[in-house]
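Quick look at work_3.csv (CSV, C-alpha atoms):
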```
chain,number,residue,atom,x,y,z
K,1,PHE,CA,-74.4,64.5,-1.0
K,2,ILE,CA,-76.7,66.7,1.1
K,3,ASN,CA,-74.4,69.6,0.4
K,4,VAL,CA,-74.4,68.7,-3.3
K,5,GLY,CA,-78.2,68.5,-3.4
K,6,ILE,CA,-78.7,72.0,-1.8
K,7,PRO,CA,-77.1,74.0,-4.7
K,8,LEU,CA,-78.7,71.6,-7.2
K,9,ALA,CA,-82.1,72.3,-5.7
K,10,TYR,CA,-81.4,76.1,-5.8
K,11,LEU,CA,-80.3,75.8,-9.5
K,12,VAL,CA,-83.5,73.9,-10.4
K,13,GLY,CA,-85.6,76.6,-8.7
K,14,LEU,CA,-83.7,79.3,-10.6
K,15,LEU,CA,-84.1,77.6,-14.0
K,16,LEU,CA,-87.8,76.8,-13.5
K,17,ARG,CA,-88.8,80.2,-12.2
K,18,GLY,CA,-91.2,81.8,-14.7
K,19,SER,CA,-91.4,78.7,-16.9
K,20,SER,CA,-95.2,78.4,-16.3
K,21,ARG,CA,-98.0,79.7,-14.1
K,22,ASP,CA,-97.5,76.6,-11.9
K,23,ASP,CA,-93.7,76.7,-11.8
K,24,TRP,CA,-93.7,76.0,-8.1
K,25,ARG,CA,-95.3,72.6,-8.7
K,26,TRP,CA,-92.5,71.7,-11.1
K,27,MET,CA,-89.9,72.8,-8.5
K,28,LEU,CA,-91.6,70.7,-5.8
K,29,GLY,CA,-92.1,67.7,-8.1
K,30,SER,CA,-88.5,67.7,-9.3
K,31,GLY,CA,-87.4,66.6,-5.9
K,32,SER,CA,-88.9,63.2,-6.6
K,33,ILE,CA,-86.3,62.4,-9.2
K,34,PRO,CA,-83.2,62.2,-6.9
K,35,ALA,CA,-85.5,60.5,-4.3
K,36,LEU,CA,-86.3,57.7,-6.7
K,37,ALA,CA,-82.7,57.4,-7.8
K,38,LEU,CA,-81.6,57.0,-4.1
K,39,PHE,CA,-84.4,54.5,-3.5
K,40,PHE,CA,-83.2,52.2,-6.4
K,41,ALA,CA,-79.5,52.8,-5.6
K,42,THR,CA,-80.0,51.5,-2.0
K,43,MET,CA,-81.0,48.1,-3.5
K,44,PHE,CA,-77.4,47.7,-4.6
K,45,LEU,CA,-75.7,48.7,-1.3
K,46,PRO,CA,-73.9,45.8,0.4
K,47,GLU,CA,-74.4,45.0,4.1
K,48,SER,CA,-71.9,46.5,6.4
K,49,PRO,CA,-68.8,44.3,7.3
K,50,SER,CA,-69.8,44.4,11.0
K,51,TRP,CA,-73.3,43.1,10.2
K,52,LEU,CA,-71.9,40.3,8.0
K,53,LEU,CA,-69.4,39.3,10.7
K,54,LYS,CA,-72.1,39.2,13.3
K,55,HIS,CA,-74.1,36.9,11.2
K,56,GLY,CA,-71.1,34.6,10.3
K,57,GLN,CA,-70.6,35.7,6.7
K,58,GLN,CA,-66.8,36.0,6.8
K,59,ASP,CA,-66.1,35.8,3.1
K,60,ARG,CA,-68.7,38.5,2.2
K,61,ALA,CA,-67.3,40.8,5.0
K,62,ARG,CA,-63.8,40.4,3.6
K,63,ILE,CA,-65.0,41.3,0.1
K,64,VAL,CA,-66.7,44.4,1.3
K,65,VAL,CA,-63.6,45.6,3.2
K,66,GLU,CA,-61.4,44.8,0.2
K,67,ASN,CA,-63.5,47.1,-1.9
K,68,LEU,CA,-62.9,49.9,0.6
K,69,VAL,CA,-59.1,49.7,0.2
K,70,HIS,CA,-57.6,52.0,-2.5
K,71,PRO,CA,-56.9,50.1,-5.7
K,72,SER,CA,-53.4,51.6,-6.0
K,73,GLU,CA,-52.2,49.8,-2.8
K,74,SER,CA,-50.0,46.7,-3.3
K,75,PRO,CA,-51.5,43.3,-2.7
K,76,ASN,CA,-49.5,42.9,0.5
K,77,VAL,CA,-50.8,46.2,1.9
K,78,ARG,CA,-54.4,45.4,0.8
K,79,ALA,CA,-54.3,42.0,2.5
K,80,THR,CA,-52.8,43.4,5.7
K,81,THR,CA,-55.3,46.2,5.8
K,82,VAL,CA,-58.2,43.9,5.3
K,83,LYS,CA,-56.9,41.4,8.0
K,84,LEU,CA,-56.4,44.1,10.6
K,85,THR,CA,-59.7,45.8,9.8
K,86,LEU,CA,-61.6,42.6,10.2
K,87,GLN,CA,-59.7,41.7,13.4
K,88,GLU,CA,-60.5,45.1,14.9
K,89,MET,CA,-64.1,44.7,14.1
K,90,ARG,CA,-64.2,41.3,15.8
K,91,GLU,CA,-62.5,42.6,18.9
K,92,ASP,CA,-64.9,45.5,19.0
K,93,MET,CA,-67.9,43.2,18.7
K,94,LYS,CA,-66.5,41.0,21.5
K,95,ALA,CA,-65.8,43.9,23.8
K,96,HIS,CA,-69.3,45.4,23.2
K,97,ALA,CA,-71.4,42.3,22.7
K,98,SER,CA,-74.5,44.1,23.9
K,99,MET,CA,-75.6,47.6,23.4
K,100,ALA,CA,-76.2,49.9,26.3
K,101,SER,CA,-79.7,50.2,27.5
K,102,TRP,CA,-81.4,53.6,27.6
K,103,SER,CA,-81.0,53.8,31.4
K,104,GLU,CA,-77.2,53.1,31.0
K,105,MET,CA,-77.0,55.6,28.2
K,106,LEU,CA,-78.6,58.4,30.2
K,107,PHE,CA,-77.4,57.7,33.8
K,108,THR,CA,-73.9,56.0,33.5
K,109,PRO,CA,-71.5,58.6,35.1
K,110,ASP,CA,-68.7,57.7,32.7
K,111,ASN,CA,-70.9,58.5,29.7
K,112,ARG,CA,-72.5,61.6,31.0
K,113,PRO,CA,-69.9,64.1,29.8
K,114,ALA,CA,-70.1,62.8,26.2
K,115,LEU,CA,-73.9,62.8,26.4
K,116,LEU,CA,-74.1,66.4,27.6
K,117,VAL,CA,-71.5,67.7,25.2
K,118,GLY,CA,-72.6,65.7,22.2
K,119,VAL,CA,-76.3,66.4,22.4
K,120,GLY,CA,-75.7,70.1,23.3
K,121,PHE,CA,-73.3,70.5,20.4
K,122,ALA,CA,-75.8,68.9,18.0
K,123,ALA,CA,-78.5,71.2,19.2
K,124,PHE,CA,-76.4,74.3,18.8
K,125,GLN,CA,-75.5,73.4,15.3
K,126,GLN,CA,-79.1,74.3,14.3
K,127,LEU,CA,-80.0,76.8,17.0
K,128,ILE,CA,-77.6,79.3,15.4
K,129,GLY,CA,-80.1,79.8,12.6
K,130,LEU,CA,-78.7,78.1,9.5
K,131,ASP,CA,-82.1,76.7,8.4
K,132,SER,CA,-83.7,80.1,8.7
K,133,LEU,CA,-81.5,81.0,5.7
K,134,ILE,CA,-81.6,77.7,3.9
K,135,PHE,CA,-85.4,77.6,4.0
K,136,TYR,CA,-86.2,81.3,3.9
K,137,SER,CA,-83.3,82.9,2.1
K,138,VAL,CA,-85.6,84.1,-0.8
K,139,TYR,CA,-88.2,85.4,1.7
K,140,SER,CA,-85.6,87.2,3.8
K,141,LEU,CA,-84.0,88.9,0.8
K,142,THR,CA,-87.2,89.9,-0.9
K,143,HIS,CA,-88.7,91.0,2.5
K,144,TYR,CA,-85.8,93.4,2.8
K,145,GLY,CA,-86.2,94.7,-0.7
K,146,VAL,CA,-84.0,92.6,-2.9
K,147,SER,CA,-85.5,91.4,-6.2
K,148,GLU,CA,-86.7,87.8,-6.5
K,149,THR,CA,-84.3,87.0,-9.3
K,150,THR,CA,-81.3,88.3,-7.4
K,151,ALA,CA,-82.5,86.4,-4.3
K,152,LEU,CA,-82.6,83.1,-6.3
K,153,GLN,CA,-79.1,83.8,-7.6
K,154,VAL,CA,-77.9,84.4,-4.1
K,155,THR,CA,-79.3,81.1,-2.9
K,156,LEU,CA,-77.4,79.3,-5.6
K,157,VAL,CA,-74.1,80.9,-4.5
K,158,MET,CA,-75.0,80.1,-0.9
K,159,GLY,CA,-75.3,76.4,-1.8
K,160,LEU,CA,-72.1,76.3,-3.8
K,161,LEU,CA,-70.1,78.1,-1.0
K,162,LYS,CA,-71.5,75.7,1.6
K,163,LEU,CA,-70.4,72.8,-0.5
K,164,LEU,CA,-67.0,74.3,-1.2
K,165,PHE,CA,-66.1,74.9,2.4
K,166,THR,CA,-67.4,71.5,3.5
K,167,ILE,CA,-65.0,69.9,1.0
K,168,ILE,CA,-62.2,72.1,2.3
K,169,THR,CA,-62.9,71.0,5.9
K,170,THR,CA,-62.9,67.3,5.0
K,171,GLN,CA,-59.3,67.8,3.7
K,172,LEU,CA,-58.2,69.7,6.8
K,173,VAL,CA,-59.6,67.6,9.7
K,174,ASP,CA,-56.9,64.9,9.5
K,175,VAL,CA,-54.0,67.3,8.8
K,176,SER,CA,-51.6,67.3,11.8
K,177,GLY,CA,-51.7,70.5,13.7
K,178,ILE,CA,-55.2,71.4,12.4
K,179,GLY,CA,-57.6,68.7,13.5
K,180,ARG,CA,-61.2,69.5,14.5
K,181,ARG,CA,-61.1,72.4,16.8
K,182,TRP,CA,-59.3,74.9,14.5
K,183,PRO,CA,-61.8,74.8,11.7
K,184,LEU,CA,-64.7,74.5,14.2
K,185,LEU,CA,-63.7,77.7,16.1
K,186,VAL,CA,-62.8,79.7,13.0
K,187,GLY,CA,-66.1,78.7,11.5
K,188,ALA,CA,-67.9,79.6,14.7
K,189,GLY,CA,-66.3,83.1,14.7
K,190,GLY,CA,-67.3,83.5,11.1
K,191,CYS,CA,-71.0,82.7,11.9
K,192,VAL,CA,-71.0,85.3,14.7
K,193,LEU,CA,-69.6,87.9,12.3
K,194,GLY,CA,-71.9,86.9,9.5
K,195,MET,CA,-75.0,87.3,11.7
K,196,PHE,CA,-73.7,90.6,13.0
K,197,ILE,CA,-73.3,91.9,9.4
K,198,MET,CA,-76.8,90.8,8.5
K,199,ALA,CA,-78.3,92.5,11.6
K,200,ILE,CA,-76.5,95.8,10.9
K,201,ALA,CA,-77.3,95.8,7.2
K,202,THR,CA,-81.0,95.2,7.7
K,203,SER,CA,-81.3,97.8,10.4
K,204,PHE,CA,-81.0,100.5,7.7
K,205,PRO,CA,-83.4,101.2,4.8
K,206,VAL,CA,-82.8,99.2,1.7
K,207,SER,CA,-80.3,100.5,-0.8
K,208,HIS,CA,-77.7,99.0,-3.2
K,209,LEU,CA,-75.1,99.3,-0.4
K,210,THR,CA,-77.1,97.7,2.4
K,211,SER,CA,-78.4,95.0,0.1
K,212,GLY,CA,-74.8,94.1,-0.9
K,213,VAL,CA,-73.7,94.1,2.7
K,214,PHE,CA,-76.7,91.9,3.6
K,215,VAL,CA,-75.8,89.4,0.9
K,216,CYS,CA,-72.2,89.4,2.0
K,217,GLY,CA,-73.3,88.6,5.6
K,218,ILE,CA,-75.4,85.7,4.3
K,219,LEU,CA,-72.6,84.3,2.2
K,220,LEU,CA,-70.1,84.7,5.1
K,221,PHE,CA,-72.4,82.9,7.5
K,222,VAL,CA,-73.1,80.0,5.2
K,223,SER,CA,-69.4,79.6,4.3
K,224,ALA,CA,-68.4,79.7,7.9
K,225,PHE,CA,-71.0,77.1,8.7
K,226,GLY,CA,-69.6,74.9,6.0
K,227,LEU,CA,-66.2,75.2,7.4
K,228,GLY,CA,-67.1,74.5,11.0
K,229,TYR,CA,-70.4,73.4,12.5
K,230,GLY,CA,-71.7,71.7,9.3
K,231,PRO,CA,-69.3,68.8,8.9
K,232,MET,CA,-67.9,68.9,12.4
K,233,CYS,CA,-71.1,68.1,14.2
K,234,TRP,CA,-71.5,64.6,12.8
K,235,LEU,CA,-67.8,63.8,12.9
K,236,ILE,CA,-67.5,64.9,16.5
K,237,LEU,CA,-70.7,63.0,17.5
K,238,ALA,CA,-69.3,59.8,15.9
K,239,GLU,CA,-66.0,60.2,17.9
K,240,MET,CA,-67.7,61.3,21.1
K,241,PHE,CA,-69.7,58.2,21.7
K,242,GLN,CA,-67.8,54.9,21.8
K,243,GLY,CA,-68.7,51.2,21.9
K,244,PRO,CA,-72.1,50.3,23.4
K,245,PHE,CA,-73.1,54.0,23.6
K,246,ARG,CA,-72.6,55.0,20.0
K,247,SER,CA,-75.9,54.1,18.3
K,248,LYS,CA,-78.1,55.6,21.0
K,249,GLY,CA,-75.7,58.6,21.4
K,250,LEU,CA,-76.0,59.3,17.6
K,251,SER,CA,-79.7,58.9,17.8
K,252,LEU,CA,-80.0,61.4,20.6
K,253,GLY,CA,-77.7,63.8,18.8
K,254,SER,CA,-79.8,63.5,15.7
K,255,LEU,CA,-83.0,64.1,17.7
K,256,ALA,CA,-81.6,67.2,19.3
K,257,ASN,CA,-80.3,68.4,16.0
K,258,ARG,CA,-83.6,67.9,14.1
K,259,GLY,CA,-85.6,69.2,17.0
K,260,SER,CA,-83.6,72.4,17.1
K,261,SER,CA,-84.0,72.8,13.3
K,262,PHE,CA,-87.8,72.4,13.7
K,263,LEU,CA,-87.7,75.1,16.4
K,264,VAL,CA,-85.8,77.5,14.2
K,265,VAL,CA,-87.8,76.9,11.1
K,266,SER,CA,-91.2,77.1,12.8
K,267,THR,CA,-90.4,80.3,14.7
K,268,TYR,CA,-88.4,82.3,12.2
K,269,LEU,CA,-91.2,84.0,10.3
K,270,SER,CA,-93.0,84.8,13.6
K,271,MET,CA,-89.9,86.4,15.0
K,272,VAL,CA,-89.4,88.5,11.9
K,273,HIS,CA,-92.9,89.8,12.1
K,274,ALA,CA,-92.7,90.4,15.8
K,275,ILE,CA,-89.3,92.0,16.3
K,276,SER,CA,-88.1,92.8,12.7
K,277,LEU,CA,-85.5,91.1,10.5
K,278,SER,CA,-82.6,93.0,12.1
K,279,ASN,CA,-83.5,92.0,15.6
K,280,THR,CA,-84.1,88.4,14.6
K,281,PHE,CA,-80.5,88.2,13.3
K,282,LEU,CA,-79.3,89.8,16.6
K,283,VAL,CA,-81.0,87.0,18.5
K,284,TYR,CA,-79.3,84.4,16.3
K,285,MET,CA,-76.0,86.3,16.7
K,286,ALA,CA,-76.3,85.9,20.5
K,287,VAL,CA,-76.9,82.2,20.1
K,288,CYS,CA,-73.8,82.0,17.8
K,289,VAL,CA,-71.7,83.6,20.6
K,290,ILE,CA,-73.0,81.1,23.2
K,291,ALA,CA,-72.4,78.2,20.7
K,292,MET,CA,-68.9,79.4,20.1
K,293,ALA,CA,-68.2,79.6,23.8
K,294,PHE,CA,-69.7,76.1,24.3
K,295,SER,CA,-67.4,74.8,21.5
K,296,TYR,CA,-64.3,76.4,22.9
K,297,TRP,CA,-64.9,75.1,26.5
K,298,PHE,CA,-66.4,71.7,25.9
K,299,ILE,CA,-65.2,70.3,22.6
K,300,PRO,CA,-61.8,68.6,23.0
K,301,GLU,CA,-59.4,67.9,20.1
K,302,LEU,CA,-60.3,64.4,19.1
K,303,GLN,CA,-57.9,63.9,16.2
K,304,GLY,CA,-56.2,60.5,16.6
K,305,LYS,CA,-57.7,60.0,20.1
K,306,LYS,CA,-60.3,57.8,21.6
K,307,ILE,CA,-62.8,59.1,24.2
K,308,GLY,CA,-61.7,56.3,26.5
K,309,SER,CA,-58.4,58.1,27.2
K,310,ASP,CA,-57.3,61.6,27.9
K,311,ALA,CA,-60.0,63.1,25.7
K,312,ARG,CA,-62.7,61.8,28.0
K,313,LEU,CA,-60.8,63.1,30.9
K,314,LYS,CA,-60.8,66.6,29.3
K,315,LEU,CA,-64.6,66.3,28.8
K,316,ARG,CA,-65.1,65.5,32.4
K,317,LYS,CA,-63.0,68.5,33.5
K,318,ALA,CA,-64.8,70.8,31.1
K,319,CYS,CA,-68.3,69.6,32.3
K,320,CYS,CA,-67.3,70.2,35.9
K,321,MET,CA,-66.1,73.8,35.4
```
So, in terms of structure tokens, how does the structure I just supplied come out?
Amino acid sequence: FINVGIPLAYLVGLLLRGSSRDDWRWMLGSGSIPALALFFATMFLPESPSWLLKHGQQDRARIVVENLVHPSESPNVRATTVKLTLQEMREDMKAHASMASWSEMLFTPDNRPALLVGVGFAAFQQLIGLDSLIFYSVYSLTHYGVSETTALQVTLVMGLLKLLFTIITTQLVDVSGIGRRWPLLVGAGGCVLGMFIMAIATSFPVSHLTSGVFVCGILLFVSAFGLGYGPMCWLILAEMFQGPFRSKGLSLGSLANRGSSFLVVSTYLSMVHAISLSNTFLVYMAVCVIAMAFSYWFIPELQGKKIGSDARLKLRKACCM
């Protein structure tokens, strides 16, 4: 839904532009509408089956799981699926009755590879510079010389492409022979190429040709991000941390991710003013190359695997190289 909201926000900005002297106020205020809708929608969300089981509400947990099974399944398949799902949840709760403490999370040798790789990958997802384009795409384009109307139109296409390639990735990750690494590495390569194109285009004086190349670089980068780093970050983090380490692992990954986003957003304009638009994109391209190498060496294929087996062994070997 985040990826649906981004193009919708760009569309609202495009439609409201020039509607009044205070059009920016309407753009900003329109964000309260989906926020209020989300607030009221959360009132109707059921508790998770795991929480219900933990608090002895077996019947409610069964109803929630039944609602997650596709209606087209036969009654026998539905009943078996619900039974096995609840059984697995109970076994998982027994095996991990208590969550790991912060000292166990940070210093347990068996968890260290997942911690280093998971947090590092979450940070790289933002350090490659996506939010510099998401937040400052109109500024970057107009700063180079593109008209504001064209810039707003480009941002809308950006959001739509990011959404499209994220949907494509969700259909590919569980396909046998494709998994996680193939979309991730292809997307990483696309991000490197997109940043390189932007850096080259903006190193020349503005013209119809260079403006078009600049826009193509932006669209390539955003599309590649939607194919790889965007959806893969959270999927890989969820699979990287198992059992008692999961909640704190995801928290640390989110902290690294949002902290990296803050760093990029808060330094982008200063970098552009200090070293130029072209050189800023070259810096991000270098980070993209490092992130791609990191992904190649340290992210194992996790399709159909648990970190407790050979995937964790691969993580250990990679971290020791």
As an exercise, work out the distance from atom CA of K:Pro244 to atom CA of K:Trp51 in Å and give it to one decimal place.
15.1 Å
Could the residues of stretch 180-290 of chain K that have an atom at most 10 Å from stretch 133-145 of chain K be listed as a tab-separated table, each with its closest atom pair and the distance in Å to one decimal, counting all atoms listed in the file and ordered by chain and ascending residue number?
```
residue	atom	partner	partner_atom	distance
K:Ala201	CA	K:Tyr144	CA	9.9
K:Thr202	CA	K:Tyr144	CA	7.1
K:Ser203	CA	K:Tyr144	CA	9.9
K:Phe204	CA	K:Tyr144	CA	9.9
K:Pro205	CA	K:Tyr144	CA	8.4
K:Val206	CA	K:Gly145	CA	6.1
K:Ser207	CA	K:Gly145	CA	8.3
K:His208	CA	K:Gly145	CA	9.8
K:Thr210	CA	K:Tyr144	CA	9.7
K:Ser211	CA	K:Gly145	CA	7.8
K:Phe214	CA	K:Leu141	CA	8.4
K:Val215	CA	K:Leu141	CA	8.2
K:Ile218	CA	K:Leu133	CA	7.8
K:Phe221	CA	K:Leu133	CA	9.5
K:Val222	CA	K:Leu133	CA	8.5
K:Val265	CA	K:Phe135	CA	7.5
K:Tyr268	CA	K:Tyr136	CA	8.6
K:Leu269	CA	K:Tyr136	CA	8.6
K:Val272	CA	K:Ser140	CA	9.0
K:Leu277	CA	K:Ser140	CA	7.8
K:Ser278	CA	K:Tyr144	CA	9.8
```
Take the residues from that selection and put them in a file with C-alpha atoms, as a PDB file, in the frame of the given file.
```pdb
ATOM      1  CA  ALA K 201     -77.300  95.800   7.200  1.00  0.00           C
ATOM      2  CA  THR K 202     -81.000  95.200   7.700  1.00  0.00           C
ATOM      3  CA  SER K 203     -81.300  97.800  10.400  1.00  0.00           C
ATOM      4  CA  PHE K 204     -81.000 100.500   7.700  1.00  0.00           C
ATOM      5  CA  PRO K 205     -83.400 101.200   4.800  1.00  0.00           C
ATOM      6  CA  VAL K 206     -82.800  99.200   1.700  1.00  0.00           C
ATOM      7  CA  SER K 207     -80.300 100.500  -0.800  1.00  0.00           C
ATOM      8  CA  HIS K 208     -77.700  99.000  -3.200  1.00  0.00           C
ATOM      9  CA  THR K 210     -77.100  97.700   2.400  1.00  0.00           C
ATOM     10  CA  SER K 211     -78.400  95.000   0.100  1.00  0.00           C
ATOM     11  CA  PHE K 214     -76.700  91.900   3.600  1.00  0.00           C
ATOM     12  CA  VAL K 215     -75.800  89.400   0.900  1.00  0.00           C
ATOM     13  CA  ILE K 218     -75.400  85.700   4.300  1.00  0.00           C
ATOM     14  CA  PHE K 221     -72.400  82.900   7.500  1.00  0.00           C
ATOM     15  CA  VAL K 222     -73.100  80.000   5.200  1.00  0.00           C
ATOM     16  CA  VAL K 265     -87.800  76.900  11.100  1.00  0.00           C
ATOM     17  CA  TYR K 268     -88.400  82.300  12.200  1.00  0.00           C
ATOM     18  CA  LEU K 269     -91.200  84.000  10.300  1.00  0.00           C
ATOM     19  CA  VAL K 272     -89.400  88.500  11.900  1.00  0.00           C
ATOM     20  CA  LEU K 277     -85.500  91.100  10.500  1.00  0.00           C
ATOM     21  CA  SER K 278     -82.600  93.000  12.100  1.00  0.00           C
TER      22      SER K 278
END
```
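Going from atom CA of K:Phe124 to atom CA of K:Leu163 covers 20.3 Å.
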Counting all atoms listed in the file, what are the residues of stretch 217-279 of chain K within 10 Å of stretch 164-172 of chain K, and for each of them which pair of atoms is the nearest and at what distance in Å, to one decimal? Sort the table by chain and rising number, as a tab-separated table.
```
residue	atom	partner	partner_atom	distance
K:Val222	CA	K:Phe165	CA	9.1
K:Ser223	CA	K:Phe165	CA	6.0
K:Ala224	CA	K:Phe165	CA	7.7
K:Phe225	CA	K:Phe165	CA	8.3
K:Gly226	CA	K:Thr166	CA	4.8
K:Leu227	CA	K:Phe165	CA	5.0
K:Gly228	CA	K:Thr169	CA	7.5
K:Tyr229	CA	K:Thr166	CA	9.7
K:Gly230	CA	K:Thr166	CA	7.2
K:Pro231	CA	K:Thr166	CA	6.3
K:Met232	CA	K:Thr169	CA	8.5
K:Leu235	CA	K:Thr170	CA	9.9
```
Could you name the residues that touch stretch 283-295 of chain K at 6 Å or less, counting all atoms listed in the file, but leaving out those on the same chain fewer than 3 positions away, as a CSV table (one decimal) with C-alpha atoms, keeping the file's coordinate frame?
```csv
chain,number,residue,atom,x,y,z
K,124,PHE,CA,-76.4,74.3,18.8
K,128,ILE,CA,-77.6,79.3,15.4
K,129,GLY,CA,-80.1,79.8,12.6
K,188,ALA,CA,-67.9,79.6,14.7
K,192,VAL,CA,-71.0,85.3,14.7
K,195,MET,CA,-75.0,87.3,11.7
K,280,THR,CA,-84.1,88.4,14.6
K,298,PHE,CA,-66.4,71.7,25.9
K,299,ILE,CA,-65.2,70.3,22.6
```
Contacts of K:Arg17 within 9 Å, all atoms listed in the file, excl. fewer than 4 positions in-chain, as a ChimeraX atom specification
/K:12-13,23-24,27,149
Using all atoms listed in the file, which of K:Leu250, K:Met89, K:Ala199, K:Leu156 sits nearest K:Gly5?
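Selected residue with least distance to K:Gly5: K:Leu156.
Note that atom CA of K:Val175 and atom CA of K:Gln125 are 23.3 Å apart.
When only C-alpha atoms are used to compute distances to K:His55, the closest of the residues K:Val119, K:Val173, K:Met93, K:Leu161 turns out to be K:Met93.
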Selected residue of minimal separation from K:Val4 among K:Leu52, K:Leu160, K:Val146, K:Ala123, counting all atoms listed in the file:
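Once distances to K:Val4 are computed over all atoms listed in the file, the minimum belongs to K:Leu160.
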How would stretch 180-186 of chain K look with all heavy atoms restored, written as a PDB file, in the coordinates of the input?
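Saved to result_25.pdb:
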```pdb
ATOM      1  N   ARG K 180     -59.740  69.094  14.513  1.00  0.00           N
ATOM      2  CA  ARG K 180     -61.200  69.500  14.500  1.00  0.00           C
ATOM      3  C   ARG K 180     -61.422  70.843  15.075  1.00  0.00           C
ATOM      4  O   ARG K 180     -62.267  71.577  14.576  1.00  0.00           O
ATOM      5  CB  ARG K 180     -61.963  68.439  15.359  1.00  0.00           C
ATOM      6  CG  ARG K 180     -62.229  67.119  14.644  1.00  0.00           C
ATOM      7  CD  ARG K 180     -61.025  66.213  14.727  1.00  0.00           C
ATOM      8  NE  ARG K 180     -61.359  64.842  14.405  1.00  0.00           N
ATOM      9  CZ  ARG K 180     -60.755  64.151  13.435  1.00  0.00           C
ATOM     10  NH1 ARG K 180     -59.832  64.709  12.673  1.00  0.00           N
ATOM     11  NH2 ARG K 180     -61.070  62.881  13.233  1.00  0.00           N
ATOM     12  N   ARG K 181     -60.735  71.196  16.147  1.00  0.00           N
ATOM     13  CA  ARG K 181     -61.100  72.400  16.800  1.00  0.00           C
ATOM     14  C   ARG K 181     -60.756  73.690  16.030  1.00  0.00           C
ATOM     15  O   ARG K 181     -61.510  74.660  16.068  1.00  0.00           O
ATOM     16  CB  ARG K 181     -60.281  72.507  18.174  1.00  0.00           C
ATOM     17  CG  ARG K 181     -60.974  71.795  19.313  1.00  0.00           C
ATOM     18  CD  ARG K 181     -60.112  71.786  20.556  1.00  0.00           C
ATOM     19  NE  ARG K 181     -59.821  73.122  21.058  1.00  0.00           N
ATOM     20  CZ  ARG K 181     -60.628  73.810  21.872  1.00  0.00           C
ATOM     21  NH1 ARG K 181     -61.778  73.294  22.256  1.00  0.00           N
ATOM     22  NH2 ARG K 181     -60.281  75.016  22.298  1.00  0.00           N
ATOM     23  N   TRP K 182     -59.664  73.698  15.279  1.00  0.00           N
ATOM     24  CA  TRP K 182     -59.300  74.900  14.500  1.00  0.00           C
ATOM     25  C   TRP K 182     -60.350  75.287  13.508  1.00  0.00           C
ATOM     26  O   TRP K 182     -60.847  76.415  13.514  1.00  0.00           O
ATOM     27  CB  TRP K 182     -57.921  74.724  13.885  1.00  0.00           C
ATOM     28  CG  TRP K 182     -57.414  75.953  13.209  1.00  0.00           C
ATOM     29  CD1 TRP K 182     -56.704  76.971  13.769  1.00  0.00           C
ATOM     30  CD2 TRP K 182     -57.601  76.301  11.825  1.00  0.00           C
ATOM     31  NE1 TRP K 182     -56.437  77.935  12.824  1.00  0.00           N
ATOM     32  CE2 TRP K 182     -56.968  77.565  11.631  1.00  0.00           C
ATOM     33  CE3 TRP K 182     -58.233  75.699  10.743  1.00  0.00           C
ATOM     34  CZ2 TRP K 182     -56.958  78.195  10.392  1.00  0.00           C
ATOM     35  CZ3 TRP K 182     -58.227  76.335   9.512  1.00  0.00           C
ATOM     36  CH2 TRP K 182     -57.589  77.569   9.345  1.00  0.00           C
ATOM     37  N   PRO K 183     -60.766  74.381  12.598  1.00  0.00           N
ATOM     38  CA  PRO K 183     -61.800  74.800  11.700  1.00  0.00           C
ATOM     39  C   PRO K 183     -63.150  75.074  12.389  1.00  0.00           C
ATOM     40  O   PRO K 183     -63.893  75.961  11.975  1.00  0.00           O
ATOM     41  CB  PRO K 183     -61.986  73.523  10.761  1.00  0.00           C
ATOM     42  CG  PRO K 183     -60.723  72.775  10.918  1.00  0.00           C
ATOM     43  CD  PRO K 183     -60.271  73.021  12.323  1.00  0.00           C
ATOM     44  N   LEU K 184     -63.432  74.329  13.476  1.00  0.00           N
ATOM     45  CA  LEU K 184     -64.700  74.500  14.200  1.00  0.00           C
ATOM     46  C   LEU K 184     -64.730  75.950  14.794  1.00  0.00           C
ATOM     47  O   LEU K 184     -65.733  76.671  14.633  1.00  0.00           O
ATOM     48  CB  LEU K 184     -64.812  73.512  15.324  1.00  0.00           C
ATOM     49  CG  LEU K 184     -65.993  73.701  16.286  1.00  0.00           C
ATOM     50  CD1 LEU K 184     -67.322  73.637  15.531  1.00  0.00           C
ATOM     51  CD2 LEU K 184     -65.949  72.651  17.395  1.00  0.00           C
ATOM     52  N   LEU K 185     -63.674  76.381  15.462  1.00  0.00           N
ATOM     53  CA  LEU K 185     -63.700  77.700  16.100  1.00  0.00           C
ATOM     54  C   LEU K 185     -63.591  78.836  15.127  1.00  0.00           C
ATOM     55  O   LEU K 185     -64.213  79.878  15.322  1.00  0.00           O
ATOM     56  CB  LEU K 185     -62.549  77.765  17.142  1.00  0.00           C
ATOM     57  CG  LEU K 185     -62.665  76.783  18.326  1.00  0.00           C
ATOM     58  CD1 LEU K 185     -61.452  76.881  19.240  1.00  0.00           C
ATOM     59  CD2 LEU K 185     -63.944  77.034  19.106  1.00  0.00           C
ATOM     60  N   VAL K 186     -62.835  78.647  14.057  1.00  0.00           N
ATOM     61  CA  VAL K 186     -62.800  79.700  13.000  1.00  0.00           C
ATOM     62  C   VAL K 186     -64.161  79.816  12.363  1.00  0.00           C
ATOM     63  O   VAL K 186     -64.653  80.931  12.136  1.00  0.00           O
ATOM     64  CB  VAL K 186     -61.711  79.349  11.965  1.00  0.00           C
ATOM     65  CG1 VAL K 186     -61.814  80.300  10.769  1.00  0.00           C
ATOM     66  CG2 VAL K 186     -60.320  79.441  12.577  1.00  0.00           C
TER      67      VAL K 186
END
```
